[in-house]
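> Sharing target22.cif here; it has mmCIF, C-alpha atoms.
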data_my_file
#
loop_
_atom_site.label_atom_id
_atom_site.label_comp_id
_atom_site.auth_asym_id
_atom_site.auth_seq_id
_atom_site.Cartn_x
_atom_site.Cartn_y
_atom_site.Cartn_z
CA MET A 1 100.51 137.11 171.39
CA THR A 2 103.86 135.44 171.88
CA SER A 3 106.37 135.47 169.03
CA TYR A 4 105.60 131.79 168.50
CA GLU A 5 101.86 132.45 168.16
CA ARG A 6 102.49 135.48 165.96
CA ILE A 7 104.75 133.65 163.48
CA MET A 8 102.60 130.52 163.34
CA THR A 9 99.43 132.52 162.75
CA THR A 10 101.10 134.42 159.94
CA LEU A 11 102.48 131.30 158.23
CA GLU A 12 98.96 129.88 158.28
CA GLY A 13 97.84 132.92 156.26
CA GLY A 14 96.26 134.72 159.20
CA LYS A 15 96.46 138.11 160.88
CA PRO A 16 98.33 138.24 164.18
CA ASP A 17 98.29 141.16 166.62
CA ARG A 18 100.99 142.94 164.59
CA VAL A 19 103.46 142.36 161.76
CA PRO A 20 106.09 139.79 162.83
CA THR A 21 109.82 140.10 162.09
CA LEU A 22 112.45 137.70 160.83
CA LEU A 23 116.04 138.94 160.71
CA PHE A 24 118.77 136.76 159.20
CA MET A 25 121.18 137.30 162.11
CA ARG A 26 123.68 134.44 161.96
CA ASP A 27 126.72 136.59 161.15
CA TRP A 28 125.55 139.71 162.96
CA ALA A 29 124.77 137.86 166.18
CA THR A 30 128.05 135.94 166.05
CA LYS A 31 130.16 139.06 165.68
CA SER A 32 128.06 141.05 168.15
CA ALA A 33 128.82 138.38 170.77
CA GLY A 34 132.56 138.73 170.06
CA PHE A 35 133.06 135.42 168.22
CA THR A 36 134.48 134.46 164.84
CA PHE A 37 132.62 132.02 162.60
CA SER A 38 135.28 129.35 163.10
CA GLU A 39 134.84 129.70 166.88
CA VAL A 40 131.12 128.94 166.77
CA LEU A 41 131.74 125.98 164.45
CA GLU A 42 134.26 124.57 166.90
CA ASN A 43 132.03 125.28 169.89
CA PRO A 44 128.34 125.40 168.95
CA ASN A 45 127.45 126.43 172.51
CA LYS A 46 128.97 129.81 171.65
CA TYR A 47 126.57 130.06 168.71
CA VAL A 48 123.61 129.24 170.94
CA TYR A 49 124.71 131.99 173.31
CA ALA A 50 125.15 134.48 170.43
CA GLN A 51 121.70 133.77 169.02
CA TYR A 52 119.94 133.97 172.36
CA ARG A 53 121.81 137.16 173.23
CA ALA A 54 120.80 138.79 169.92
CA LEU A 55 117.19 137.65 170.35
CA ARG A 56 116.90 139.32 173.73
CA ASP A 57 118.90 142.37 172.71
CA ILE A 58 117.14 143.13 169.40
CA GLY A 59 113.73 141.56 169.96
CA ALA A 60 112.97 139.73 166.69
CA ASP A 61 110.31 137.02 166.51
CA VAL A 62 112.49 133.99 165.60
CA ILE A 63 115.72 132.30 166.58
CA TRP A 64 117.98 130.41 164.14
CA ASP A 65 120.01 127.24 164.09
CA LEU A 66 123.60 127.38 162.79
CA MET A 67 122.49 127.62 159.20
CA GLY A 68 124.00 127.70 155.79
CA PHE A 69 127.42 126.08 155.63
CA HIS A 70 126.86 122.95 153.52
CA SER A 71 126.75 120.58 156.49
CA GLU A 72 124.50 118.12 154.64
CA SER A 73 126.97 117.96 151.74
CA GLU A 74 129.91 117.55 154.12
CA ALA A 75 128.16 114.62 155.79
CA MET A 76 127.97 112.96 152.37
CA GLY A 77 131.67 113.36 151.61
CA SER A 78 132.39 116.87 150.35
CA VAL A 79 135.30 118.57 152.13
CA LEU A 80 134.88 122.07 153.53
CA LYS A 81 137.40 124.89 153.68
CA ILE A 82 136.89 126.78 156.93
CA PRO A 83 138.40 130.29 157.09
CA GLU A 84 139.22 131.98 160.37
CA ASP A 85 136.39 134.46 160.27
CA GLY A 86 133.87 133.62 157.59
CA PRO A 87 131.46 130.90 156.51
CA PRO A 88 132.92 127.69 155.02
CA SER A 89 132.97 126.83 151.35
CA VAL A 90 133.38 123.47 149.62
CA ALA A 91 137.02 122.82 148.81
CA GLU A 92 136.60 119.31 147.40
CA PHE A 93 133.42 117.93 145.85
CA THR A 94 132.69 114.28 146.53
CA VAL A 95 131.09 113.59 143.11
CA LYS A 96 134.07 113.85 140.77
CA ASP A 97 132.85 111.31 138.24
CA LEU A 98 129.12 111.70 137.68
CA TYR A 99 128.63 108.10 136.52
CA LYS A 100 130.75 106.34 139.14
CA ASP A 101 130.52 108.50 142.25
CA VAL A 102 126.74 109.02 142.35
CA LYS A 103 126.41 105.23 142.65
CA LYS A 104 128.66 105.35 145.74
CA LEU A 105 126.67 108.02 147.59
CA ARG A 106 124.91 106.89 150.74
CA LEU A 107 122.24 108.67 152.73
CA PRO A 108 123.75 110.21 155.85
CA ASN A 109 122.54 109.48 159.37
CA PRO A 110 121.77 112.93 160.85
CA HIS A 111 122.44 111.57 164.34
CA LYS A 112 125.91 110.23 163.51
CA ASP A 113 127.47 111.72 160.38
CA GLY A 114 129.59 114.85 159.99
CA ARG A 115 128.50 117.90 161.94
CA LEU A 116 124.82 117.08 161.68
CA PRO A 117 124.56 115.75 165.26
CA GLU A 118 126.10 118.99 166.56
CA LEU A 119 123.55 121.04 164.61
CA LEU A 120 120.71 118.97 166.01
CA GLY A 121 122.18 119.72 169.44
CA VAL A 122 122.07 123.46 168.67
CA VAL A 123 118.36 123.19 167.87
CA ARG A 124 117.68 121.24 171.07
CA ARG A 125 119.49 123.80 173.21
CA LEU A 126 117.76 126.74 171.52
CA LYS A 127 114.38 125.07 172.04
CA GLU A 128 115.17 124.54 175.72
CA LEU A 129 115.95 128.25 176.06
CA VAL A 130 112.91 129.69 174.26
CA ARG A 131 110.42 126.81 174.75
CA ASP A 132 107.15 127.88 173.09
CA GLU A 133 107.82 131.59 173.42
CA VAL A 134 109.81 131.96 170.19
CA PRO A 135 109.89 129.60 167.18
CA VAL A 136 113.17 127.89 166.30
CA ILE A 137 114.17 127.81 162.62
CA GLY A 138 116.05 124.83 161.21
CA TYR A 139 117.97 125.26 157.93
CA VAL A 140 117.94 122.79 155.04
CA GLN A 141 119.63 123.28 151.67
CA GLY A 142 117.52 123.17 148.54
CA PRO A 143 117.92 120.01 146.41
CA PHE A 144 119.82 121.72 143.59
CA ARG A 145 122.07 123.65 145.98
CA HIS A 146 122.87 120.44 147.85
CA ALA A 147 123.60 118.60 144.60
CA ALA A 148 125.84 121.49 143.50
CA MET A 149 127.78 121.25 146.76
CA LEU A 150 128.32 117.54 146.05
CA ARG A 151 129.25 117.95 142.39
CA GLY A 152 130.31 121.59 141.83
CA THR A 153 128.01 124.30 140.48
CA GLU A 154 129.51 124.74 137.02
CA LYS A 155 129.85 121.01 136.44
CA LEU A 156 126.30 120.34 137.54
CA LEU A 157 124.87 123.02 135.27
CA VAL A 158 126.74 121.51 132.32
CA ASP A 159 125.70 118.02 133.37
CA MET A 160 122.06 119.08 133.37
CA LYS A 161 122.36 119.64 129.63
CA LYS A 162 124.50 116.63 128.74
CA HIS A 163 123.86 113.92 131.34
CA ARG A 164 120.34 114.52 132.57
CA ASP A 165 119.55 110.98 133.72
CA GLN A 166 122.58 110.87 136.02
CA CYS A 167 121.75 114.35 137.34
CA GLU A 168 118.25 113.17 138.19
CA GLU A 169 119.77 110.30 140.16
CA LEU A 170 121.97 112.78 142.06
CA LEU A 171 119.03 115.09 142.73
CA GLU A 172 116.89 112.22 143.99
CA ILE A 173 119.45 111.11 146.58
CA ALA A 174 120.13 114.74 147.51
CA THR A 175 116.41 115.27 148.14
CA ASP A 176 116.13 112.06 150.14
CA SER A 177 119.02 113.13 152.38
CA LEU A 178 117.42 116.53 152.97
CA ILE A 179 114.14 114.89 153.96
CA LEU A 180 115.98 112.81 156.54
CA TYR A 181 117.85 115.81 157.93
CA GLY A 182 114.79 118.06 157.93
CA ALA A 183 112.78 115.47 159.84
CA ALA A 184 115.63 115.13 162.35
CA LEU A 185 115.65 118.92 162.85
CA VAL A 186 111.93 118.84 163.63
CA GLY A 187 112.52 115.97 166.03
CA ALA A 188 115.19 118.05 167.77
CA GLY A 189 112.75 120.93 168.26
CA ALA A 190 112.66 123.02 165.09
CA ASP A 191 109.27 124.66 164.61
CA LEU A 192 110.05 126.05 161.14
CA ILE A 193 112.17 124.63 158.35
CA MET A 194 113.73 127.06 155.90
CA ILE A 195 114.73 125.56 152.56
CA ALA A 196 117.33 127.83 150.95
CA GLU A 197 117.74 127.74 147.18
CA PRO A 198 119.59 130.39 145.14
CA TYR A 199 119.93 128.35 141.98
CA LEU A 200 116.41 128.39 140.53
CA GLY A 201 116.46 132.12 139.74
CA ARG A 202 117.15 133.53 136.30
CA ASP A 203 120.55 134.71 137.54
CA MET A 204 121.56 131.03 137.38
CA MET A 205 119.36 129.12 134.92
CA SER A 206 116.55 129.36 132.40
CA LYS A 207 112.96 129.25 133.56
CA ASP A 208 112.36 126.03 131.61
CA MET A 209 115.14 124.28 133.53
CA ALA A 210 113.95 125.73 136.83
CA VAL A 211 110.36 124.60 136.23
CA ASP A 212 111.66 121.14 135.35
CA LEU A 213 113.51 120.97 138.69
CA ALA A 214 110.55 122.14 140.75
CA THR A 215 109.34 118.57 141.32
CA HIS A 216 112.25 117.94 143.70
CA PHE A 217 111.36 120.99 145.78
CA THR A 218 107.71 120.00 145.83
CA ARG A 219 108.60 116.52 147.07
CA LEU A 220 110.87 117.95 149.77
CA THR A 221 108.29 120.53 150.88
CA GLN A 222 105.30 118.20 150.89
CA THR A 223 107.17 115.49 152.80
CA LEU A 224 108.51 117.84 155.47
CA ARG A 225 105.05 119.34 155.95
CA LYS A 226 103.98 115.94 157.28
CA THR A 227 106.27 116.47 160.28
CA GLY A 228 103.95 119.24 161.48
CA ALA A 229 106.56 121.98 161.05
CA LYS A 230 105.91 125.10 159.02
CA ILE A 231 107.97 125.14 155.82
CA PHE A 232 109.20 128.21 154.00
CA LEU A 233 111.46 128.68 151.00
CA HIS A 234 114.21 131.30 150.97
CA LEU A 235 115.21 132.51 147.52
CA CYS A 236 118.32 134.58 146.84
CA GLY A 237 118.29 136.22 143.42
CA ASP A 238 115.76 137.32 140.82
CA PHE A 239 112.68 135.07 140.86
CA ASN A 240 110.15 137.54 139.45
CA ASP A 241 109.30 135.22 136.55
CA MET A 242 108.98 132.14 138.81
CA PHE A 243 106.25 133.17 141.23
CA ASP A 244 103.62 131.01 139.52
CA THR A 245 105.84 127.93 139.73
CA ILE A 246 106.87 128.63 143.34
CA LYS A 247 103.23 128.90 144.34
CA GLU A 248 102.66 125.28 143.34
CA MET A 249 105.48 123.89 145.52
CA GLY A 250 103.25 123.77 148.58
CA MET A 251 105.20 125.66 151.23
CA HIS A 252 103.64 127.82 153.94
CA GLY A 253 105.79 130.85 153.14
CA VAL A 254 108.28 132.33 150.66
CA SER A 255 111.21 134.54 151.65
CA LEU A 256 112.33 136.84 148.83
CA ASP A 257 115.39 139.06 148.65
CA GLU A 258 115.42 142.67 147.53
CA LYS A 259 115.64 141.82 143.82
CA ASN A 260 112.02 140.68 143.90
CA ASP A 261 108.79 142.66 143.63
CA LEU A 262 106.71 141.89 146.72
CA ALA A 263 103.54 143.41 145.26
CA LYS A 264 103.84 141.22 142.17
CA ALA A 265 104.56 138.18 144.34
CA ARG A 266 101.42 138.86 146.38
CA GLU A 267 99.30 139.31 143.25
CA ILE A 268 100.44 136.00 141.75
CA MET A 269 100.73 133.87 144.89
CA GLY A 270 97.52 135.12 146.47
CA PRO A 271 96.62 135.73 150.12
CA GLU A 272 97.23 132.22 151.48
CA ILE A 273 101.01 132.01 151.10
CA CYS A 274 102.95 134.01 153.67
CA LEU A 275 105.42 136.39 152.04
CA ILE A 276 108.65 137.18 153.90
CA GLY A 277 110.89 140.12 153.02
CA ASN A 278 112.59 142.10 151.87
CA VAL A 279 114.60 145.01 153.32
CA ASN A 280 117.97 145.33 151.58
CA PRO A 281 120.52 143.88 154.03
CA THR A 282 123.54 145.78 152.71
CA GLU A 283 122.43 149.01 151.07
CA THR A 284 119.81 149.73 153.72
CA LEU A 285 120.70 147.86 156.92
CA VAL A 286 124.47 148.45 156.70
CA PHE A 287 124.85 151.75 154.83
CA GLY A 288 121.43 153.32 155.35
CA THR A 289 120.14 155.49 158.16
CA PRO A 290 117.36 154.46 160.58
CA GLU A 291 115.08 156.77 158.57
CA LYS A 292 115.84 154.82 155.39
CA VAL A 293 115.24 151.53 157.20
CA ILE A 294 111.86 152.79 158.42
CA LYS A 295 110.87 153.95 154.93
CA GLU A 296 111.83 150.69 153.23
CA SER A 297 110.22 148.57 155.96
CA LYS A 298 106.93 150.45 155.58
CA GLU A 299 107.10 150.05 151.80
CA SER A 300 107.52 146.28 152.16
CA ILE A 301 104.54 146.04 154.49
CA LYS A 302 102.42 148.15 152.13
CA ALA A 303 103.40 146.03 149.14
CA ALA A 304 102.53 142.63 150.62
CA GLY A 305 101.38 142.86 154.22
CA LYS A 306 98.22 144.92 154.35
CA ASP A 307 95.98 141.90 154.83
CA GLY A 308 98.15 139.57 156.89
CA ALA A 309 100.26 136.58 155.79
CA PHE A 310 103.39 138.73 155.83
CA ILE A 311 106.61 138.75 157.85
CA LEU A 312 108.90 141.76 157.69
CA ALA A 313 112.41 140.45 157.06
CA SER A 314 115.83 141.30 155.78
CA GLY A 315 116.26 140.18 152.16
CA CYS A 316 119.04 137.81 153.20
CA MET A 317 121.91 137.51 155.67
CA ILE A 318 122.56 140.72 157.62
CA PRO A 319 126.25 141.63 157.43
CA GLU A 320 128.07 141.93 160.73
CA LEU A 321 128.73 145.65 160.09
CA ALA A 322 125.05 146.61 160.27
CA PRO A 323 124.50 149.25 162.99
CA LYS A 324 122.33 148.02 165.83
CA GLU A 325 120.11 151.09 165.58
CA ASN A 326 119.13 150.09 162.03
CA LEU A 327 117.97 146.67 163.17
CA GLU A 328 116.09 148.26 166.04
CA ALA A 329 114.39 150.66 163.63
CA MET A 330 113.15 147.76 161.52
CA ILE A 331 111.84 145.93 164.58
CA GLN A 332 110.08 149.06 165.79
CA VAL A 333 108.23 149.52 162.49
CA ALA A 334 106.86 145.99 162.82
CA LYS A 335 105.83 146.51 166.43
CA GLU A 336 103.86 149.58 165.44
CA SER A 337 102.23 148.03 162.36
CA ARG A 338 98.66 146.80 162.67
CA TYR A 339 96.34 145.30 160.04
#
Could you write out this structure as structure tokens?

Amino acid sequence: MTSYERIMTTLEGGKPDRVPTLLFMRDWATKSAGFTFSEVLENPNKYVYAQYRALRDIGADVIWDLMGFHSESEAMGSVLKIPEDGPPSVAEFTVKDLYKDVKKLRLPNPHKDGRLPELLGVVRRLKELVRDEVPVIGYVQGPFRHAAMLRGTEKLLVDMKKHRDQCEELLEIATDSLILYGAALVGAGADLIMIAEPYLGRDMMSKDMAVDLATHFTRLTQTLRKTGAKIFLHLCGDFNDMFDTIKEMGMHGVSLDEKNDLAKAREIMGPEICLIGNVNPTETLVFGTPEKVIKESKESIKAAGKDGAFILASGCMIPELAPKENLEAMIQVAKESRY
């Protein structure tokens, strides 16, 4: 099987020829190619080179777009702070007055506004390089994360308690903008869409609030599924008490970080949803030995991947300091794992 066939089969709940791999290699690939993050933002062709180089060097089963720096929120008016060698953060939120500024928000045009056209170009160039050999992943923020990058996290959490109607209006337009961008990514060549959402976990909010917000994720997921792409949700944080709610959102797969119990997730979500995870990216992939990587990778497969519908992955972004031999050890475990 090709990597494309392997990943697609798995996200459909099936059993490919072996366990596939998904390594979050944005930072690692960038640094390995000798670039800083600001360099690849200024010249996305350098990012394309770094990703393709890492794909061929390490041998994972996916390739990534330039994910995770609030580009959707920037296109709607938030101002980013871009350090020399690190991912951007929001320096100025566009929604300063919840009542006045939400009314002024307009849906961005992914082909014209902010850096979105450049990111679509990254996806097109990656697709041209890998064709149907390797699936291309496009990144989309989760609705609450996007809204937080427009309003500010602390303010939005307070607003959810005090000004819920206005927050719903903000979340609706945030979701609409993500649907537009996600569809544009698929049009540019993305085979998979990853929706990243750290805010629904109990590290950030109560389960009641998270369950209440799940309708926005369901709408985003169900709409993007109509594009024909495979949709998976990446969750940073502790979601062990949310697995039942996540199951109902309708995605093909769920990526969980190392705080989550894969065996419990499999028990609650069942065999149809593809689970993705969850080797510790820092403790294991940076500071561990290849032997520790092998042990933890096998434990993840045993917990959730014995019957298919499982992708061995790092729990989240792999730091640039991770030794290459640790990544290779993880890949090798997958290559040797059969159902």
> Give the answer as one residue: which of A:Leu224, A:Met269, A:Pro117, A:Ala263 has the shortest atom-to-atom distance to Met242 of chain A, using all atoms listed in the file?
A:Met269
> Which residues, named as in the file, does the PyMOL selection byres ((chain A and resi 94) around 12) pick out? Answer as a PyMOL selection string.
chain A and resi 73-80+90-93+95-98+100-106+146-152+170
> Name the residues within 9 Å of (120.5, 141.8, 157.6), counting only C-alpha atoms in the file's coordinates, and put them as a ChimeraX atom specification.
/A:23-25,27-28,279-282,284-286,313-320,322,327
> Grab the residues selected above and save them as a compact mmCIF listing (two decimals), keeping the file's coordinate frame with C-alpha atoms.

# COMPACT_ATOMS: atom_id res chain seq x y z
CA LEU A 23 116.04 138.94 160.71
CA PHE A 24 118.77 136.76 159.20
CA MET A 25 121.18 137.30 162.11
CA ASP A 27 126.72 136.59 161.15
CA TRP A 28 125.55 139.71 162.96
CA VAL A 279 114.60 145.01 153.32
CA ASN A 280 117.97 145.33 151.58
CA PRO A 281 120.52 143.88 154.03
CA THR A 282 123.54 145.78 152.71
CA THR A 284 119.81 149.73 153.72
CA LEU A 285 120.70 147.86 156.92
CA VAL A 286 124.47 148.45 156.70
CA ALA A 313 112.41 140.45 157.06
CA SER A 314 115.83 141.30 155.78
CA GLY A 315 116.26 140.18 152.16
CA CYS A 316 119.04 137.81 153.20
CA MET A 317 121.91 137.51 155.67
CA ILE A 318 122.56 140.72 157.62
CA PRO A 319 126.25 141.63 157.43
CA GLU A 320 128.07 141.93 160.73
CA ALA A 322 125.05 146.61 160.27
CA LEU A 327 117.97 146.67 163.17
> Between A:Tyr181, A:Phe243, A:Tyr139, A:Phe217, single out the one closest to Gly270 of chain A, counting all atoms listed in the file.
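Of A:Tyr181, A:Phe243, A:Tyr139, A:Phe217, the one nearest Gly270 of chain A, counting all atoms listed in the file, is A:Phe243.
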> Might you pull out every residue within 9 Å of Ile246 of chain A, with all atoms listed in the file counted and same-chain residues fewer than 4 positions away left off, and present them as a ChimeraX atom specification?
/A:211,214,233,242,250-251,254,269
> Mind pulling up the distance from atom CA of Val136 of chain A to atom CA of Asp61 of chain A?
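Separation between atom CA of Asp61 of chain A and atom CA of Val136 of chain A: 9.6 Å.
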> Rank A:Leu312, A:Ala190, A:Ala210, A:Val62 by their smallest atom-to-atom distance to Phe144 of chain A, using only C-alpha atoms, and report the top residue only.
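Comparing A:Leu312, A:Ala190, A:Ala210, A:Val62 against Phe144 of chain A, the winner is A:Ala210.
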> Once the PyMOL selection byres ((chain A and resi 37-41) around 10) has been applied to the shown file, what residues remain in the selection, as a PyMOL selection string?
chain A and resi 26-27+30-31+34-36+42-50+66+69+82-88+115+118-119
> Could you check which of A:Gly182, A:Pro271, A:Gly13, A:Pro20 is closest to His111 of chain A, using all atoms listed in the file?
A:Gly182
> Out of A:Arg6, A:Arg124, A:Arg266, A:Arg338, which residue has the shortest atom-to-atom distance to Gly187 of chain A when counting only C-alpha atoms?
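Selected residue with least distance to Gly187 of chain A: A:Arg124.
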> Near Gly308 of chain A, within 10 Å and counting all atoms listed in the file, which residues show up once chain neighbours fewer than 6 positions away are dropped, as a short mmCIF file (atom, residue, chain, number, x, y, z; two decimals) with C-alpha atoms, in the frame of the given file?

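Result written to result-v6.cif:
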data_model
loop_
_atom_site.label_atom_id
_atom_site.label_comp_id
_atom_site.auth_asym_id
_atom_site.auth_seq_id
_atom_site.Cartn_x
_atom_site.Cartn_y
_atom_site.Cartn_z
CA THR A 9 99.43 132.52 162.75
CA THR A 10 101.10 134.42 159.94
CA LEU A 11 102.48 131.30 158.23
CA GLU A 12 98.96 129.88 158.28
CA GLY A 13 97.84 132.92 156.26
CA GLY A 14 96.26 134.72 159.20
CA LYS A 15 96.46 138.11 160.88
CA PRO A 16 98.33 138.24 164.18
CA ASP A 17 98.29 141.16 166.62
CA ARG A 18 100.99 142.94 164.59
CA VAL A 19 103.46 142.36 161.76
CA PRO A 20 106.09 139.79 162.83
CA PRO A 271 96.62 135.73 150.12
CA GLU A 272 97.23 132.22 151.48
CA ILE A 273 101.01 132.01 151.10
CA CYS A 274 102.95 134.01 153.67
CA LEU A 275 105.42 136.39 152.04
CA ILE A 301 104.54 146.04 154.49
CA ARG A 338 98.66 146.80 162.67
CA TYR A 339 96.34 145.30 160.04
#
> Got a sec: who's within 10 Å of Asp57 of chain A, counting only C-alpha atoms, leaving out chain neighbours fewer than 5 positions off, as a list of chain:residue names?
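So the residues in contact are A:Ala29, A:Gln51, A:Tyr52, A:Lys324, A:Glu328.
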> Calculate how many Å separate atom CA of Leu185 of chain A from atom CA of Val123 of chain A, rounding to one decimal.
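Going from atom CA of Leu185 of chain A over to atom CA of Val123 of chain A covers 7.1 Å.
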> Figure out the distance between atom CA of Leu256 of chain A and atom CA of Asn278 of chain A, please, to one decimal in Å.
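Distance between the two atoms: 6.1 Å.
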> Between A:Leu22, A:Pro198, A:Tyr99, A:Asp132, which residue has the minimum interatomic distance to Asp165 of chain A, considering all atoms listed in the file?
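Answer, going by the shortest atom-to-atom distance: A:Tyr99.
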> Run through the PyMOL selection byres ((chain A and resi 218) around 12) on the given coordinates and return the selected residues as a PyMOL selection string.
chain A and resi 142-143+175+179+195+211-217+219-225+231-233+245-252
